[in-house]
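Structure file model.txt (compact mmCIF, C-alpha atoms) is printed below.
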# COMPACT_ATOMS: atom_id res chain seq x y z
CA MET A 1 -34.61 -17.14 -15.13
CA PHE A 2 -35.56 -13.70 -16.44
CA LYS A 3 -32.41 -13.54 -18.54
CA SER A 4 -33.25 -16.78 -20.35
CA MET A 5 -36.87 -15.67 -20.87
CA ARG A 6 -35.68 -12.33 -22.22
CA LEU A 7 -33.26 -14.09 -24.58
CA THR A 8 -36.07 -16.38 -25.79
CA LEU A 9 -38.38 -13.42 -26.47
CA ILE A 10 -35.64 -11.61 -28.38
CA SER A 11 -34.95 -14.75 -30.44
CA ILE A 12 -38.64 -15.20 -31.29
CA SER A 13 -38.93 -11.52 -32.24
CA LEU A 14 -35.93 -11.77 -34.57
CA ILE A 15 -37.27 -14.93 -36.22
CA LEU A 16 -40.64 -13.27 -36.88
CA LEU A 17 -38.93 -10.13 -38.18
CA PHE A 18 -36.75 -12.06 -40.63
CA LYS A 19 -39.64 -14.27 -41.73
CA SER A 20 -41.77 -11.23 -42.61
CA ALA A 21 -38.82 -9.61 -44.38
CA LEU A 22 -38.39 -12.73 -46.53
CA ALA A 23 -42.09 -13.04 -47.39
CA LYS A 24 -42.77 -12.27 -51.03
CA ASP A 25 -45.52 -12.52 -53.56
CA PHE A 26 -45.37 -15.20 -56.20
CA ILE A 27 -46.53 -13.93 -59.59
CA ILE A 28 -46.78 -14.64 -63.29
CA TYR A 29 -43.66 -12.87 -64.58
CA SER A 30 -43.77 -13.78 -68.27
CA ILE A 31 -46.14 -15.18 -70.90
CA VAL A 32 -45.16 -16.79 -74.21
CA GLN A 33 -47.73 -17.78 -76.83
CA ASP A 34 -48.03 -19.24 -80.31
CA ILE A 35 -48.68 -16.80 -83.12
CA PRO A 36 -52.36 -17.09 -84.15
CA MET A 37 -52.66 -18.02 -87.84
CA GLY A 38 -56.42 -17.47 -88.17
CA GLU A 39 -57.24 -21.11 -88.83
CA PRO A 40 -60.72 -22.33 -87.88
CA ASN A 41 -60.79 -24.01 -84.44
CA GLU A 42 -57.16 -23.01 -83.91
CA ILE A 43 -55.82 -23.47 -80.38
CA VAL A 44 -53.26 -20.84 -79.41
CA LYS A 45 -50.99 -22.37 -76.77
CA LYS A 46 -49.71 -20.09 -73.98
CA ASN A 47 -47.01 -20.80 -71.41
CA TYR A 48 -47.18 -18.91 -68.12
CA TYR A 49 -43.90 -18.47 -66.23
CA VAL A 50 -44.13 -18.10 -62.44
CA ASN A 51 -41.50 -17.47 -59.75
CA LEU A 52 -42.60 -20.47 -57.70
CA GLY A 53 -40.79 -23.79 -58.05
CA LYS A 54 -39.46 -26.96 -56.48
CA GLY A 55 -38.03 -24.96 -53.58
CA GLN A 56 -41.62 -24.12 -52.61
CA GLY A 57 -42.89 -27.68 -53.20
CA VAL A 58 -44.13 -27.16 -56.77
CA ASN A 59 -43.65 -30.08 -59.17
CA GLN A 60 -45.05 -31.14 -62.54
CA GLY A 61 -48.81 -31.60 -62.15
CA THR A 62 -49.18 -29.14 -59.26
CA VAL A 63 -52.18 -26.84 -59.64
CA LEU A 64 -51.71 -23.15 -58.85
CA ASN A 65 -54.46 -20.66 -57.99
CA VAL A 66 -54.22 -17.36 -59.85
CA TYR A 67 -55.49 -14.12 -58.28
CA ARG A 68 -55.96 -10.64 -59.68
CA GLN A 69 -55.78 -7.65 -57.37
CA ILE A 70 -58.31 -4.98 -58.27
CA SER A 71 -58.02 -1.63 -56.53
CA ARG A 72 -60.77 1.00 -56.45
CA ILE A 73 -61.22 4.29 -54.61
CA ASP A 74 -64.51 5.40 -53.07
CA ALA A 75 -64.36 8.89 -54.57
CA TYR A 76 -67.72 9.97 -53.13
CA GLU A 77 -67.69 9.35 -49.39
CA SER A 78 -64.70 7.97 -47.54
CA LYS A 79 -62.02 8.57 -50.22
CA GLN A 80 -60.72 5.19 -49.10
CA ARG A 81 -59.00 2.70 -51.41
CA PHE A 82 -60.39 -0.85 -51.45
CA ASN A 83 -58.30 -3.78 -52.70
CA TYR A 84 -59.94 -6.99 -53.87
CA ASN A 85 -58.00 -10.22 -54.41
CA ILE A 86 -60.16 -12.25 -56.76
CA LYS A 87 -59.39 -15.77 -57.90
CA ILE A 88 -59.49 -15.67 -61.68
CA GLY A 89 -58.18 -19.06 -62.66
CA GLU A 90 -55.84 -21.99 -62.22
CA LEU A 91 -52.59 -23.06 -63.84
CA LYS A 92 -51.32 -26.63 -64.12
CA VAL A 93 -47.54 -26.87 -63.85
CA ILE A 94 -45.94 -28.66 -66.82
CA HIS A 95 -42.30 -28.02 -65.85
CA SER A 96 -40.64 -27.00 -62.58
CA GLU A 97 -37.15 -25.80 -61.66
CA ASP A 98 -35.72 -24.80 -58.26
CA SER A 99 -37.42 -21.39 -58.07
CA SER A 100 -39.62 -21.14 -61.17
CA SER A 101 -42.19 -23.10 -63.12
CA ILE A 102 -44.06 -23.14 -66.41
CA GLY A 103 -47.82 -23.62 -66.38
CA LEU A 104 -50.80 -23.92 -68.71
CA ILE A 105 -54.31 -22.64 -68.05
CA GLN A 106 -56.42 -25.32 -66.42
CA ASN A 107 -59.39 -23.12 -65.52
CA PHE A 108 -60.38 -19.48 -66.12
CA ARG A 109 -63.32 -17.53 -64.68
CA ASP A 110 -65.36 -16.03 -67.48
CA GLN A 111 -68.91 -16.86 -66.49
CA LYS A 112 -71.89 -14.52 -66.48
CA ASP A 113 -71.80 -14.07 -62.68
CA ASP A 114 -68.03 -13.43 -62.43
CA PRO A 115 -66.60 -9.93 -61.87
CA LEU A 116 -65.64 -7.90 -64.93
CA PHE A 117 -61.87 -7.66 -65.45
CA GLU A 118 -60.32 -4.88 -67.53
CA ILE A 119 -58.07 -7.45 -69.17
CA SER A 120 -59.60 -10.84 -69.84
CA GLY A 121 -57.22 -13.72 -69.45
CA LEU A 122 -54.28 -14.20 -67.14
CA MET A 123 -51.62 -11.49 -67.23
CA ILE A 124 -48.16 -10.62 -65.99
CA GLY A 125 -48.37 -9.53 -62.35
CA ASP A 126 -51.25 -11.82 -61.39
CA LYS A 127 -50.48 -13.52 -58.07
CA VAL A 128 -50.19 -17.29 -57.73
CA ASP A 129 -50.17 -19.78 -54.88
CA VAL A 130 -50.41 -23.55 -54.54
CA LYS A 131 -53.95 -24.92 -54.62
CA ILE A 132 -54.59 -26.92 -51.47
CA GLU A 133 -57.60 -29.20 -51.38

Could you render the structure as structure tokens?
Amino acid sequence: MFKSMRLTLISISLILLFKSALAKDFIIYSIVQDIPMGEPNEIVKKNYYVNLGKGQGVNQGTVLNVYRQISRIDAYESKQRFNYNIKIGELKVIHSEDSSSIGLIQNFRDQKDDPLFEISGLMIGDKVDVKIE
């Protein structure tokens, strides 16, 4: 009885250990854009490449949330670092492979009441996940 319970607990512990070891962040790893020509009302198309694909359930038309991590230190009192994960936009997947996808901006936060970002627009290193409604 105790041997089987012990074996079950060890098995559960190993599964949780391996699952956390395999956990990874999904990010924008590359951006490709048209060259702006300076034409009036010109639309500069950008493709965002992410390391999230069909293997994670992402197909053409899937919407991805994009988050920026902002890190600041309280230099005056606690000397503690604070990390903020702020949703900054959404990508719509236009092409998906086994472990990567290409997306276009569907939505970007740039309203008066939104936080100020040092770099406006989506950038390499921004985190992505599947939007669930």

TODO: Extract, using only C-alpha atoms, all DNA, RNA and protein residues at most 10 Å from stretch 53-59 of chain A, discarding same-chain residues fewer than 2 positions from it, and format them as a list of chain:residue names.
DONE: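 Neighbouring residues, sequence-local ones excluded: A:Phe26, A:Val50, A:Asn51, A:Gly61, A:Thr62, A:Val63, A:Leu64, A:Lys92, A:Val93, A:Ile94, A:His95, A:Ser96, A:Glu97, A:Asp98, A:Ser99, A:Ser100, A:Ser101, A:Ile102, A:Asp129, A:Val130.
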
Task: Selected residue of minimal separation from A:Ile119 among A:Val32, A:Ile88, A:Leu52, A:Met37, counting only C-alpha atoms - done: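 Going through A:Val32, A:Ile88, A:Leu52, A:Met37 one by one, the smallest distance to A:Ile119 is for A:Ile88.
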
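Between atom CA of A:Lys45 and atom CA of A:Ser30 lies a distance of 14.1 Å.
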
- [ ] Around the point (-52.5, -13.5, -64.7), in the coordinates given by the file, pick out the residues reaching within 8 Å, counting only C-alpha atoms, and return them as a VMD selection string.
- [x] chain A and resid 27 to 28 66 to 68 88 121 to 127

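Each of A:Ser120, A:Gln60, A:Asn85, A:Asn41 was checked against A:Gly103 using only C-alpha atoms; the smallest atom-to-atom distance is that of A:Gln60.
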
Open item on the list: Report, in Å with one decimal, the straight-line distance from atom CA of A:Asp34 to atom CA of A:Asn47.
Closed with: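 Atom-to-atom, atom CA of A:Asp34 to atom CA of A:Asn47, that is 9.1 Å.
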